[in-house]
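Novice: Provided herewith: final03.tsv, TSV, C-alpha atoms.
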```
chain	number	residue	atom	x	y	z
A	1	MET	CA	-40.49	-77.89	-66.53
A	2	THR	CA	-39.79	-81.01	-68.64
A	3	ILE	CA	-37.65	-80.72	-71.78
A	4	ALA	CA	-37.53	-83.52	-74.27
A	5	ASP	CA	-34.27	-85.29	-75.19
A	6	PRO	CA	-32.48	-83.03	-77.72
A	7	ASP	CA	-31.46	-86.09	-79.80
A	8	THR	CA	-35.13	-86.88	-80.54
A	9	LEU	CA	-36.22	-83.31	-81.36
A	10	SER	CA	-36.84	-82.09	-84.89
A	11	PRO	CA	-35.33	-78.71	-85.93
A	12	ALA	CA	-38.74	-77.05	-85.45
A	13	SER	CA	-39.08	-78.56	-81.97
A	14	GLU	CA	-35.56	-77.48	-81.07
A	15	GLN	CA	-36.40	-73.89	-82.05
A	16	LYS	CA	-39.59	-74.07	-80.01
A	17	GLU	CA	-37.76	-75.36	-76.93
A	18	ALA	CA	-35.08	-72.69	-77.35
A	19	ARG	CA	-37.77	-69.98	-77.45
A	20	ARG	CA	-39.37	-71.43	-74.29
A	21	ALA	CA	-36.01	-71.49	-72.54
A	22	ARG	CA	-35.39	-67.84	-73.45
A	23	LEU	CA	-38.90	-66.95	-72.25
A	24	PHE	CA	-38.35	-68.62	-68.87
A	25	THR	CA	-34.99	-66.84	-68.56
A	26	ARG	CA	-36.65	-63.47	-69.15
A	27	ILE	CA	-39.37	-64.27	-66.59
A	28	SER	CA	-36.73	-65.22	-64.02
A	29	LYS	CA	-34.90	-61.93	-64.63
A	30	MET	CA	-38.12	-59.93	-64.32
A	31	ASP	CA	-38.99	-61.72	-61.07
A	32	ALA	CA	-36.39	-59.64	-59.19
A	33	TRP	CA	-38.20	-56.45	-60.18
A	34	PHE	CA	-41.63	-57.93	-59.47
A	35	GLN	CA	-40.33	-58.62	-55.95
A	36	VAL	CA	-39.14	-55.01	-55.64
A	37	PHE	CA	-42.52	-53.54	-56.57
A	38	GLY	CA	-44.58	-55.97	-54.48
A	39	LEU	CA	-45.86	-57.86	-57.53
A	40	ALA	CA	-44.33	-61.27	-56.81
A	41	TRP	CA	-47.58	-62.97	-57.90
A	42	VAL	CA	-46.99	-61.91	-61.52
A	43	THR	CA	-44.10	-64.39	-61.90
A	44	PRO	CA	-46.16	-67.59	-61.34
A	45	VAL	CA	-48.93	-66.16	-63.55
A	46	LEU	CA	-46.44	-65.66	-66.39
A	47	LYS	CA	-44.86	-69.08	-65.81
A	48	ALA	CA	-48.25	-70.78	-65.81
A	49	ALA	CA	-49.20	-68.99	-69.03
A	50	ALA	CA	-45.92	-70.15	-70.56
A	51	GLY	CA	-46.68	-73.76	-69.60
A	52	ASP	CA	-44.12	-74.20	-66.82
A	53	ASN	CA	-45.72	-76.77	-64.45
A	54	PRO	CA	-49.15	-75.03	-64.20
A	55	ARG	CA	-50.17	-77.03	-61.13
A	56	ALA	CA	-47.17	-75.85	-59.08
A	57	GLN	CA	-47.62	-72.29	-60.34
A	58	MET	CA	-51.28	-72.30	-59.31
A	59	LYS	CA	-50.18	-73.05	-55.74
A	60	GLU	CA	-47.90	-70.00	-55.87
A	61	ILE	CA	-50.69	-67.85	-57.33
A	62	TRP	CA	-52.97	-68.99	-54.50
A	63	ARG	CA	-50.34	-68.10	-51.87
A	64	LEU	CA	-49.16	-64.81	-53.37
A	65	LEU	CA	-52.39	-63.40	-54.85
A	66	ALA	CA	-55.54	-65.24	-53.81
A	67	VAL	CA	-54.80	-65.36	-50.06
A	68	PRO	CA	-54.04	-61.60	-49.77
A	69	VAL	CA	-57.15	-60.76	-51.84
A	70	ILE	CA	-59.32	-62.97	-49.61
A	71	ALA	CA	-57.82	-61.36	-46.49
A	72	ILE	CA	-58.57	-57.86	-47.81
A	73	ALA	CA	-62.11	-58.89	-48.77
A	74	ALA	CA	-62.65	-60.35	-45.28
A	75	PHE	CA	-61.38	-57.13	-43.70
A	76	LEU	CA	-63.76	-55.05	-45.83
A	77	MET	CA	-66.68	-57.29	-44.89
A	78	LEU	CA	-65.91	-57.04	-41.17
A	79	TRP	CA	-65.52	-53.28	-41.53
A	80	ALA	CA	-68.87	-52.97	-43.31
A	81	VAL	CA	-70.65	-55.11	-40.68
A	82	LEU	CA	-69.08	-53.70	-37.50
A	83	ALA	CA	-68.64	-50.01	-38.41
A	84	PRO	CA	-72.35	-48.99	-38.19
A	85	LYS	CA	-72.48	-50.41	-34.64
A	86	VAL	CA	-69.88	-47.94	-33.34
A	87	GLN	CA	-71.45	-44.55	-32.61
A	88	THR	CA	-69.29	-41.45	-32.16
A	89	SER	CA	-69.98	-37.76	-31.64
A	90	LEU	CA	-69.97	-37.43	-35.44
A	91	GLY	CA	-72.30	-40.38	-35.96
A	92	ALA	CA	-71.59	-44.01	-36.84
A	93	ILE	CA	-68.21	-45.07	-38.15
A	94	PRO	CA	-68.52	-44.94	-41.96
A	95	GLY	CA	-68.25	-48.19	-43.86
A	96	PRO	CA	-66.27	-48.87	-47.04
A	97	GLY	CA	-69.06	-47.53	-49.26
A	98	ALA	CA	-69.23	-44.15	-47.48
A	99	VAL	CA	-65.44	-43.86	-47.49
A	100	TRP	CA	-65.31	-44.60	-51.22
A	101	THR	CA	-68.00	-41.96	-51.83
A	102	GLU	CA	-65.91	-39.34	-49.98
A	103	ALA	CA	-62.80	-40.38	-51.92
A	104	VAL	CA	-64.71	-39.74	-55.16
A	105	ASN	CA	-65.96	-36.40	-53.77
A	106	LEU	CA	-62.38	-35.37	-52.89
A	107	HIS	CA	-61.26	-36.26	-56.41
A	108	GLN	CA	-64.07	-34.22	-57.95
A	109	ASP	CA	-63.35	-31.33	-55.60
A	110	ALA	CA	-59.68	-31.43	-56.62
A	111	GLN	CA	-60.66	-31.30	-60.28
A	112	ALA	CA	-62.99	-28.34	-59.64
A	113	LYS	CA	-60.26	-26.45	-57.75
A	114	ALA	CA	-57.74	-27.15	-60.51
A	115	ALA	CA	-60.18	-25.76	-63.09
A	116	LYS	CA	-60.78	-22.70	-60.91
A	117	GLU	CA	-57.01	-22.14	-60.57
A	118	ARG	CA	-56.51	-22.41	-64.33
A	119	ALA	CA	-59.33	-19.93	-64.94
A	120	HIS	CA	-57.77	-17.51	-62.44
A	121	TYR	CA	-54.38	-17.54	-64.13
A	122	GLU	CA	-55.96	-17.21	-67.57
A	123	LYS	CA	-57.76	-14.07	-66.35
A	124	VAL	CA	-54.53	-12.69	-64.87
A	125	GLU	CA	-52.68	-13.36	-68.10
A	126	ALA	CA	-55.43	-11.71	-70.16
A	127	ARG	CA	-55.44	-8.69	-67.79
A	128	ASN	CA	-51.67	-8.28	-68.00
A	129	GLN	CA	-51.75	-8.62	-71.79
A	130	ARG	CA	-54.28	-5.76	-72.03
A	131	PHE	CA	-52.00	-3.47	-70.04
A	132	ILE	CA	-49.04	-4.44	-72.25
A	133	ASP	CA	-51.08	-3.71	-75.39
A	134	ARG	CA	-52.00	-0.27	-73.95
A	135	GLY	CA	-48.36	0.51	-73.24
A	136	GLN	CA	-48.77	0.29	-69.46
A	137	PRO	CA	-46.30	-2.44	-68.44
A	138	GLU	CA	-45.96	-0.89	-64.96
A	139	ARG	CA	-49.50	-2.09	-64.19
A	140	VAL	CA	-48.69	-5.75	-64.93
A	141	LYS	CA	-49.00	-7.84	-61.77
A	142	ASP	CA	-48.51	-11.45	-60.83
A	143	ILE	CA	-51.64	-12.17	-58.79
A	144	PRO	CA	-51.36	-15.55	-57.04
A	145	PHE	CA	-54.31	-17.89	-56.64
A	146	THR	CA	-55.54	-17.73	-53.06
A	147	GLY	CA	-58.00	-20.63	-53.04
A	148	ALA	CA	-57.72	-23.51	-50.60
A	149	PRO	CA	-55.37	-26.32	-51.73
A	150	SER	CA	-56.94	-29.44	-53.17
A	151	TYR	CA	-56.52	-32.90	-51.65
A	152	TYR	CA	-53.91	-33.80	-54.27
A	153	GLN	CA	-51.98	-30.61	-53.57
A	154	GLN	CA	-51.96	-31.47	-49.88
A	155	ILE	CA	-50.60	-34.93	-50.73
A	156	GLY	CA	-47.89	-33.30	-52.85
A	157	THR	CA	-46.98	-30.93	-49.99
A	158	SER	CA	-46.61	-33.84	-47.56
A	159	ILE	CA	-44.42	-35.84	-49.95
A	160	LEU	CA	-42.22	-32.80	-50.66
A	161	THR	CA	-41.88	-32.09	-46.93
A	162	VAL	CA	-40.94	-35.64	-45.98
A	163	PHE	CA	-38.33	-35.91	-48.74
A	164	PHE	CA	-36.84	-32.54	-47.78
A	165	GLY	CA	-36.48	-33.62	-44.15
A	166	PHE	CA	-35.34	-37.12	-45.12
A	167	LEU	CA	-32.59	-35.84	-47.43
A	168	ILE	CA	-31.25	-33.55	-44.71
A	169	ALA	CA	-31.28	-36.49	-42.28
A	170	ALA	CA	-29.44	-38.71	-44.77
A	171	ALA	CA	-26.85	-36.02	-45.47
A	172	VAL	CA	-26.10	-35.81	-41.74
A	173	ALA	CA	-26.52	-39.47	-40.76
A	174	ILE	CA	-24.41	-41.18	-43.41
A	175	PRO	CA	-21.16	-39.23	-42.80
A	176	LEU	CA	-21.60	-39.51	-39.02
A	177	GLY	CA	-22.35	-43.22	-39.35
A	178	ILE	CA	-19.23	-43.78	-41.45
A	179	LEU	CA	-17.16	-41.87	-38.89
A	180	ALA	CA	-18.65	-43.88	-36.01
A	181	GLY	CA	-18.10	-47.16	-37.85
A	182	LEU	CA	-14.47	-46.41	-38.68
A	183	SER	CA	-13.40	-44.86	-35.39
A	184	PRO	CA	-14.09	-46.45	-31.98
A	185	ALA	CA	-13.45	-43.07	-30.35
A	186	ALA	CA	-16.01	-41.36	-32.59
A	187	ASN	CA	-18.49	-44.16	-31.90
A	188	ALA	CA	-18.00	-43.71	-28.16
A	189	ALA	CA	-18.71	-39.99	-28.56
A	190	ILE	CA	-21.74	-40.32	-30.83
A	191	ASN	CA	-23.46	-43.34	-29.27
A	192	PRO	CA	-24.62	-41.64	-26.03
A	193	LEU	CA	-26.24	-38.82	-28.02
A	194	VAL	CA	-28.00	-41.34	-30.24
A	195	GLN	CA	-29.33	-43.28	-27.25
A	196	ILE	CA	-30.61	-40.08	-25.58
A	197	PHE	CA	-32.28	-38.42	-28.56
A	198	LYS	CA	-33.53	-41.48	-30.50
A	199	PRO	CA	-36.59	-42.07	-28.25
A	200	VAL	CA	-37.69	-38.41	-28.22
A	201	SER	CA	-41.20	-37.93	-29.65
A	202	PRO	CA	-41.83	-35.47	-32.49
A	203	LEU	CA	-44.34	-33.73	-30.20
A	204	ALA	CA	-41.44	-32.88	-27.90
A	205	TRP	CA	-39.22	-31.62	-30.73
A	206	LEU	CA	-41.95	-29.51	-32.33
A	207	PRO	CA	-42.10	-26.60	-29.82
A	208	ILE	CA	-38.29	-26.28	-29.84
A	209	VAL	CA	-38.12	-26.38	-33.64
A	210	THR	CA	-40.96	-23.86	-33.91
A	211	MET	CA	-39.20	-21.37	-31.64
A	212	VAL	CA	-35.84	-21.78	-33.37
A	213	VAL	CA	-37.32	-21.40	-36.86
A	214	SER	CA	-39.34	-18.36	-35.78
A	215	ALA	CA	-36.19	-16.75	-34.35
A	216	LEU	CA	-33.92	-17.47	-37.33
A	217	TYR	CA	-36.45	-17.24	-40.16
A	218	ALA	CA	-38.15	-13.93	-39.47
A	219	THR	CA	-39.96	-13.58	-42.80
A	220	ASN	CA	-42.63	-15.86	-44.25
A	221	ASP	CA	-42.00	-14.64	-47.80
A	222	GLY	CA	-38.85	-16.68	-48.45
A	223	LEU	CA	-38.37	-19.80	-50.52
A	224	PHE	CA	-40.02	-21.95	-47.82
A	225	SER	CA	-42.82	-21.12	-45.42
A	226	LYS	CA	-42.24	-21.40	-41.67
A	227	SER	CA	-44.74	-24.24	-41.33
A	228	PHE	CA	-42.92	-26.20	-44.05
A	229	LEU	CA	-39.55	-25.75	-42.34
A	230	VAL	CA	-40.92	-26.66	-38.92
A	231	SER	CA	-42.43	-29.88	-40.26
A	232	ALA	CA	-39.37	-30.80	-42.35
A	233	ILE	CA	-36.86	-30.17	-39.55
A	234	THR	CA	-38.98	-32.20	-37.12
A	235	VAL	CA	-38.93	-35.04	-39.65
A	236	THR	CA	-35.14	-34.68	-39.87
A	237	LEU	CA	-34.64	-34.88	-36.11
A	238	CYS	CA	-36.78	-38.02	-35.80
A	239	SER	CA	-35.62	-39.88	-38.93
A	240	LEU	CA	-31.92	-39.25	-38.38
A	241	TRP	CA	-31.23	-42.14	-36.02
A	242	PRO	CA	-32.12	-45.32	-37.97
A	243	ALA	CA	-29.88	-44.27	-40.87
A	244	LEU	CA	-27.04	-43.31	-38.54
A	245	ILE	CA	-27.19	-46.55	-36.53
A	246	ASN	CA	-27.40	-48.82	-39.58
A	247	THR	CA	-24.63	-46.96	-41.40
A	248	ALA	CA	-22.32	-47.30	-38.39
A	249	LEU	CA	-23.21	-50.99	-38.09
A	250	GLY	CA	-22.62	-51.60	-41.79
A	251	VAL	CA	-19.23	-49.87	-41.75
A	252	ALA	CA	-18.15	-51.64	-38.55
A	253	SER	CA	-19.15	-55.03	-40.04
A	254	ILE	CA	-16.81	-54.79	-43.05
A	255	ASP	CA	-14.65	-57.88	-43.52
A	256	LYS	CA	-11.40	-57.37	-41.61
A	257	ASP	CA	-9.45	-58.91	-44.49
A	258	LEU	CA	-10.60	-56.06	-46.72
A	259	VAL	CA	-9.50	-53.54	-44.12
A	260	ASN	CA	-6.09	-55.21	-43.96
A	261	VAL	CA	-5.81	-55.10	-47.76
A	262	SER	CA	-6.51	-51.35	-47.68
A	263	LYS	CA	-3.63	-50.95	-45.21
A	264	VAL	CA	-1.29	-53.00	-47.38
A	265	LEU	CA	-2.22	-50.92	-50.43
A	266	LYS	CA	-1.78	-47.76	-48.33
A	267	MET	CA	-5.13	-46.34	-49.41
A	268	ASN	CA	-5.83	-42.79	-48.30
A	269	THR	CA	-8.99	-42.12	-46.28
A	270	TRP	CA	-11.10	-40.92	-49.23
A	271	THR	CA	-10.17	-43.89	-51.43
A	272	LYS	CA	-10.81	-46.28	-48.56
A	273	ILE	CA	-14.29	-44.86	-47.98
A	274	THR	CA	-15.34	-44.70	-51.65
A	275	LYS	CA	-13.75	-47.95	-52.87
A	276	LEU	CA	-14.09	-50.15	-49.81
A	277	VAL	CA	-16.36	-48.85	-47.08
A	278	LEU	CA	-19.39	-47.64	-49.05
A	279	PRO	CA	-19.70	-50.63	-51.45
A	280	SER	CA	-19.45	-53.06	-48.52
A	281	ALA	CA	-21.83	-51.17	-46.23
A	282	LEU	CA	-24.46	-50.15	-48.82
A	283	PRO	CA	-27.00	-52.90	-48.01
A	284	LEU	CA	-27.19	-51.85	-44.34
A	285	ILE	CA	-27.05	-48.16	-45.26
A	286	PHE	CA	-30.10	-48.60	-47.50
A	287	THR	CA	-31.86	-50.57	-44.78
A	288	GLY	CA	-31.32	-47.62	-42.45
A	289	LEU	CA	-32.55	-45.18	-45.09
A	290	ARG	CA	-35.72	-47.21	-45.62
A	291	LEU	CA	-36.36	-47.22	-41.88
A	292	SER	CA	-35.65	-43.48	-41.69
A	293	LEU	CA	-38.07	-42.68	-44.50
A	294	GLY	CA	-40.78	-44.77	-42.83
A	295	VAL	CA	-40.22	-43.03	-39.49
A	296	GLY	CA	-40.17	-39.64	-41.21
A	297	TRP	CA	-43.50	-40.31	-42.94
A	298	MET	CA	-45.14	-41.27	-39.64
A	299	VAL	CA	-43.67	-38.26	-37.85
A	300	LEU	CA	-44.71	-35.87	-40.61
A	301	ILE	CA	-48.46	-36.26	-40.07
A	302	ALA	CA	-48.23	-35.27	-36.38
A	303	ALA	CA	-45.85	-32.41	-37.24
A	304	GLU	CA	-48.19	-31.06	-39.92
A	305	MET	CA	-51.16	-31.19	-37.55
A	306	LEU	CA	-49.46	-28.91	-35.04
A	307	ALA	CA	-47.35	-26.79	-37.42
A	308	GLN	CA	-50.35	-26.29	-39.74
A	309	ASN	CA	-48.26	-27.13	-42.79
A	310	PRO	CA	-50.86	-27.53	-45.60
A	311	GLY	CA	-50.40	-31.26	-46.07
A	312	LEU	CA	-52.23	-34.44	-45.12
A	313	GLY	CA	-51.71	-33.84	-41.39
A	314	LYS	CA	-53.44	-30.46	-41.59
A	315	PHE	CA	-56.20	-32.04	-43.69
A	316	VAL	CA	-56.88	-34.60	-40.94
A	317	TRP	CA	-56.80	-31.91	-38.25
A	318	ASP	CA	-59.13	-29.59	-40.20
A	319	GLU	CA	-61.63	-32.38	-40.79
A	320	PHE	CA	-61.52	-33.31	-37.10
A	321	GLN	CA	-62.20	-29.69	-36.16
A	322	ASN	CA	-64.88	-29.36	-38.83
A	323	GLY	CA	-67.09	-32.02	-37.26
A	324	SER	CA	-69.42	-32.44	-40.24
A	325	SER	CA	-71.17	-35.68	-41.14
A	326	GLN	CA	-68.59	-36.34	-43.88
A	327	SER	CA	-65.54	-35.55	-41.73
A	328	LEU	CA	-65.05	-39.03	-40.31
A	329	ALA	CA	-65.17	-40.65	-43.74
A	330	ARG	CA	-62.69	-38.09	-45.07
A	331	ILE	CA	-60.33	-38.77	-42.19
A	332	ILE	CA	-60.44	-42.49	-43.02
A	333	VAL	CA	-59.70	-41.64	-46.67
A	334	ALA	CA	-56.65	-39.71	-45.45
A	335	VAL	CA	-55.58	-42.63	-43.22
A	336	LEU	CA	-55.75	-45.04	-46.15
A	337	THR	CA	-53.91	-42.53	-48.35
A	338	ILE	CA	-51.16	-42.22	-45.74
A	339	GLY	CA	-50.80	-46.00	-45.60
A	340	VAL	CA	-50.67	-46.44	-49.38
A	341	ILE	CA	-48.12	-43.63	-49.82
A	342	GLY	CA	-46.00	-45.07	-47.02
A	343	PHE	CA	-45.96	-48.42	-48.83
A	344	LEU	CA	-45.03	-46.76	-52.14
A	345	LEU	CA	-42.22	-44.76	-50.51
A	346	ASP	CA	-40.77	-47.98	-49.11
A	347	ARG	CA	-41.00	-49.61	-52.56
A	348	VAL	CA	-39.15	-46.63	-54.09
A	349	MET	CA	-36.31	-47.02	-51.57
A	350	TYR	CA	-36.27	-50.79	-52.15
A	351	ALA	CA	-35.98	-50.21	-55.90
A	352	LEU	CA	-33.05	-47.82	-55.36
A	353	GLN	CA	-31.45	-50.38	-53.06
A	354	SER	CA	-31.80	-53.04	-55.77
A	355	LEU	CA	-30.17	-50.73	-58.32
A	356	PHE	CA	-27.16	-49.82	-56.21
A	357	THR	CA	-26.48	-53.03	-54.28
A	358	PHE	CA	-25.64	-56.43	-55.66
A	359	THR	CA	-26.41	-58.74	-52.79
A	360	ASN	CA	-29.31	-60.71	-51.38
A	361	ASN	CA	-28.85	-58.99	-48.02
A	362	ARG	CA	-31.55	-56.37	-48.36
```
Let's see the structure in the file written out as structure tokens.

Specialist:
Amino acid sequence: MTIADPDTLSPASEQKEARRARLFTRISKMDAWFQVFGLAWVTPVLKAAAGDNPRAQMKEIWRLLAVPVIAIAAFLMLWAVLAPKVQTSLGAIPGPGAVWTEAVNLHQDAQAKAAKERAHYEKVEARNQRFIDRGQPERVKDIPFTGAPSYYQQIGTSILTVFFGFLIAAAVAIPLGILAGLSPAANAAINPLVQIFKPVSPLAWLPIVTMVVSALYATNDGLFSKSFLVSAITVTLCSLWPALINTALGVASIDKDLVNVSKVLKMNTWTKITKLVLPSALPLIFTGLRLSLGVGWMVLIAAEMLAQNPGLGKFVWDEFQNGSSQSLARIIVAVLTIGVIGFLLDRVMYALQSLFTFTNNR
């Protein structure tokens, strides 16, 4: 960006240059959030539109936007060409067009089921109102809708399950990580357990979790269903370790000078943790939480398949068992949905990290 010599500028030109400078400052501030949400290409577009070295900005637009778009287009073309050549027991692998058609069908099916559910509850409400008008309140009943969940409801169930398991994992991992980072003895005690249980597959945890939940949670009429708890606890057991390891590493990496200052000031343990340990270790703690959420999302799909929790995992399993001509395309829709949601979950955690940490060490 070239700014003319202020001594040669007229008052109108000075005002114009001041407005441009403020505009570029705002764009630079917004760039941090564009980075968080995976929209880094917006910054050079805005700078080019504002007249800031358009040639250099076009190079950035090419690198950040055009190249990814070309790569995606090339992938779709290869998919469309090669997919029909692969024959399976359910027919040829569907191409992008067939998958898009099934995505539209799932959307329309979700809308139809939502309308059916609304009609059901309207009928129940009208029925109950008639009994109230007749003076028969004892006959009023809350009749739940028993239809199959829609695709969007299954997505919502999966997201709720993964966050439930992830929050339990974070509540356990962060305190244990702080303890391990502060105390060499605690680290020596915790580390062997981490190394043993970290590589265990969710498929190995699932039978144990299922038996424990069935023994302790005898009824299926509580706040959570058994399948939900089985899936969520399996997510917890598999997503626990990245957060624990990174928290311990972050706490153990605190500047020794800060630790010495806390001793000089005679800080108690709680003050030391809240005023010194957590602010210093937050970047690595959030890195561990992002890894844990990603692991939990991957684990969840397998857990839902076997636990039959009505989420995306069960959707994939049901379509595989169904074996219809549309099943393969619907499974691919679910795979793409899982990938997109996983990306969005990571962006959410990255945004939280940017809000609560003030460092470039992400």

Novice: When you draw a straight line from atom CA of A:Leu240 to atom CA of A:Gly342, how long is it in Å?

Specialist: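 Going from atom CA of A:Leu240 over to atom CA of A:Gly342, I get 17.5 Å.
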
Novice: What gap, in Å, lies between atom CA of A:Glu102 and atom CA of A:Leu76?

Specialist: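 If I compute the distance from atom CA of A:Glu102 to atom CA of A:Leu76, I get 16.4 Å.
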
Novice: Skip A:Gln353 itself and residues of its chain fewer than 3 positions away, then list as a PyMOL selection string all residues within 10 Å of it, counting only C-alpha atoms.

Specialist: chain A and resi 36+282-287+289-290+347-350+356-359+362

Novice: If I take atom CA of A:Phe197 and atom CA of A:Ala215, how far is one from the other in Å, to one decimal?

Specialist: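 Atom CA of A:Ala215 lies at a distance of 22.8 Å from atom CA of A:Phe197.
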
Novice: Select from stretch 306-352 of chain A every residue with an atom at most 10 Å from any atom of stretch 137-156 of chain A, then for each give the shortest pair of atoms and their distance in Å to one decimal, using only C-alpha atoms, rows by chain and rising number, as CSV.

Specialist:
```
residue,atom,partner,partner_atom,distance
A:Asn309,CA,A:Gln154,CA,9.1
A:Pro310,CA,A:Gln154,CA,5.9
A:Gly311,CA,A:Gln154,CA,4.1
A:Leu312,CA,A:Gln154,CA,5.6
A:Gly313,CA,A:Gln154,CA,8.8
A:Lys314,CA,A:Gln154,CA,8.5
A:Phe315,CA,A:Gln154,CA,7.5
A:Ala334,CA,A:Tyr151,CA,9.2
A:Thr337,CA,A:Ile155,CA,8.6
A:Ile338,CA,A:Ile155,CA,8.9
A:Ile341,CA,A:Ile155,CA,9.1
```

Novice: Find the smallest box with edges along x, y and z containing every listed atom of stretch 353-357 of chain A, then add 6 Å on each side and report centre and edge lengths in Å to one decimal, as AutoDock Vina command-line options.

Specialist:
```
--center_x -29.1 --center_y -51.4 --center_z -55.7 --size_x 17.3 --size_y 15.2 --size_z 17.3
```

Novice: Hey, which of A:Leu90, A:Ile174, A:Val45, A:Leu300 ends up closest to A:Thr157? Count all atoms listed in the file.

Specialist: A:Leu300

Novice: Which residue is closest to A:Lys272? Choose from A:Ile72, A:Leu39, A:Ala218, A:Val259 and count all atoms listed in the file.

Specialist: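 Looking only at the distances to A:Lys272, the closest residue turns out to be A:Val259.
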
Novice: From the list A:Pro279, A:Pro44, A:Gly288, A:Gly135, which residue is nearest A:Ser28 when using only C-alpha atoms?

Specialist: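 Nearest candidate to A:Ser28 out of A:Pro279, A:Pro44, A:Gly288, A:Gly135: A:Pro44.
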
Novice: Restricting the calculation to all atoms listed in the file, which member of A:Leu244, A:Val67, A:Leu352, A:Ile93 is positioned closest to A:Pro175?

Specialist: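 Closest to A:Pro175, using all atoms listed in the file: A:Leu244.
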
Novice: Within 10 Å of A:Met77, counting all atoms listed in the file, which residues qualify if same-chain residues fewer than 5 places away don't, as a PyMOL selection string?

Specialist: chain A and resi 71-72+82-83+95-96

Novice: With only C-alpha atoms as the counted atoms, please give the residues lying no more than 10 Å from A:Val213, apart from itself and same-chain residues fewer than 3 positions off, as a list of chain:residue names.

Specialist: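 Counting only the stated atoms, we get A:Pro207, A:Ile208, A:Val209, A:Thr210, A:Leu216, A:Tyr217, A:Ala218, A:Lys226, A:Ser227, A:Leu229, A:Val230, A:Ile233.
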
Novice: Using all atoms listed in the file, which of A:Ala329, A:Ile196, A:Ala74, A:Met58 sits nearest A:Ala98?

Specialist: A:Ala329

Novice: Pick out the residues sitting within 12 Å of stretch 190-193 of chain A, and hand them over as a PyMOL selection string; count only C-alpha atoms, and ignore anything fewer than 6 positions along from it in its own chain.

Specialist: chain A and resi 173+176-181+183-184+199-200+240-241+244-245+248-249

Novice: Ranking A:Val295, A:Leu182, A:Leu223, A:Ile168 by minimum distance to A:Ala281 and counting only C-alpha atoms, which one comes first?

Specialist: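 Among A:Val295, A:Leu182, A:Leu223, A:Ile168, it is A:Leu182 that comes nearest to A:Ala281.
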
Novice: For stretch 354-358 of chain A, which lacks atoms in the input, supply all heavy atoms and format the output as a PDB file, in the frame of the given file.

Specialist:
```pdb
ATOM      1  N   SER A 354     -32.057 -51.970 -54.809  1.00  0.00           N
ATOM      2  CA  SER A 354     -31.800 -53.040 -55.770  1.00  0.00           C
ATOM      3  C   SER A 354     -30.914 -52.562 -56.915  1.00  0.00           C
ATOM      4  O   SER A 354     -30.162 -53.342 -57.495  1.00  0.00           O
ATOM      5  CB  SER A 354     -33.125 -53.566 -56.329  1.00  0.00           C
ATOM      6  OG  SER A 354     -33.928 -54.078 -55.294  1.00  0.00           O
ATOM      7  N   LEU A 355     -31.002 -51.272 -57.255  1.00  0.00           N
ATOM      8  CA  LEU A 355     -30.170 -50.730 -58.320  1.00  0.00           C
ATOM      9  C   LEU A 355     -28.715 -50.569 -57.904  1.00  0.00           C
ATOM     10  O   LEU A 355     -27.801 -50.772 -58.708  1.00  0.00           O
ATOM     11  CB  LEU A 355     -30.719 -49.369 -58.779  1.00  0.00           C
ATOM     12  CG  LEU A 355     -31.969 -49.366 -59.648  1.00  0.00           C
ATOM     13  CD1 LEU A 355     -32.451 -47.937 -59.871  1.00  0.00           C
ATOM     14  CD2 LEU A 355     -31.681 -50.029 -61.003  1.00  0.00           C
ATOM     15  N   PHE A 356     -28.500 -50.185 -56.647  1.00  0.00           N
ATOM     16  CA  PHE A 356     -27.160 -49.820 -56.210  1.00  0.00           C
ATOM     17  C   PHE A 356     -26.448 -50.886 -55.393  1.00  0.00           C
ATOM     18  O   PHE A 356     -25.276 -50.730 -55.074  1.00  0.00           O
ATOM     19  CB  PHE A 356     -27.208 -48.515 -55.402  1.00  0.00           C
ATOM     20  CG  PHE A 356     -27.541 -47.320 -56.230  1.00  0.00           C
ATOM     21  CD1 PHE A 356     -28.803 -46.754 -56.189  1.00  0.00           C
ATOM     22  CD2 PHE A 356     -26.589 -46.760 -57.070  1.00  0.00           C
ATOM     23  CE1 PHE A 356     -29.119 -45.653 -56.969  1.00  0.00           C
ATOM     24  CE2 PHE A 356     -26.892 -45.663 -57.850  1.00  0.00           C
ATOM     25  CZ  PHE A 356     -28.151 -45.097 -57.804  1.00  0.00           C
ATOM     26  N   THR A 357     -27.138 -51.952 -55.020  1.00  0.00           N
ATOM     27  CA  THR A 357     -26.480 -53.030 -54.280  1.00  0.00           C
ATOM     28  C   THR A 357     -26.640 -54.330 -55.031  1.00  0.00           C
ATOM     29  O   THR A 357     -27.662 -54.564 -55.689  1.00  0.00           O
ATOM     30  CB  THR A 357     -27.082 -53.192 -52.871  1.00  0.00           C
ATOM     31  OG1 THR A 357     -28.481 -53.496 -52.974  1.00  0.00           O
ATOM     32  CG2 THR A 357     -26.921 -51.923 -52.050  1.00  0.00           C
ATOM     33  N   PHE A 358     -25.649 -55.166 -54.941  1.00  0.00           N
ATOM     34  CA  PHE A 358     -25.640 -56.430 -55.660  1.00  0.00           C
ATOM     35  C   PHE A 358     -25.456 -57.574 -54.680  1.00  0.00           C
ATOM     36  O   PHE A 358     -24.456 -58.255 -54.653  1.00  0.00           O
ATOM     37  CB  PHE A 358     -24.513 -56.443 -56.701  1.00  0.00           C
ATOM     38  CG  PHE A 358     -24.629 -55.314 -57.678  1.00  0.00           C
ATOM     39  CD1 PHE A 358     -23.971 -54.116 -57.461  1.00  0.00           C
ATOM     40  CD2 PHE A 358     -25.424 -55.439 -58.795  1.00  0.00           C
ATOM     41  CE1 PHE A 358     -24.087 -53.082 -58.361  1.00  0.00           C
ATOM     42  CE2 PHE A 358     -25.544 -54.405 -59.695  1.00  0.00           C
ATOM     43  CZ  PHE A 358     -24.875 -53.213 -59.491  1.00  0.00           C
TER      44      PHE A 358
END
```
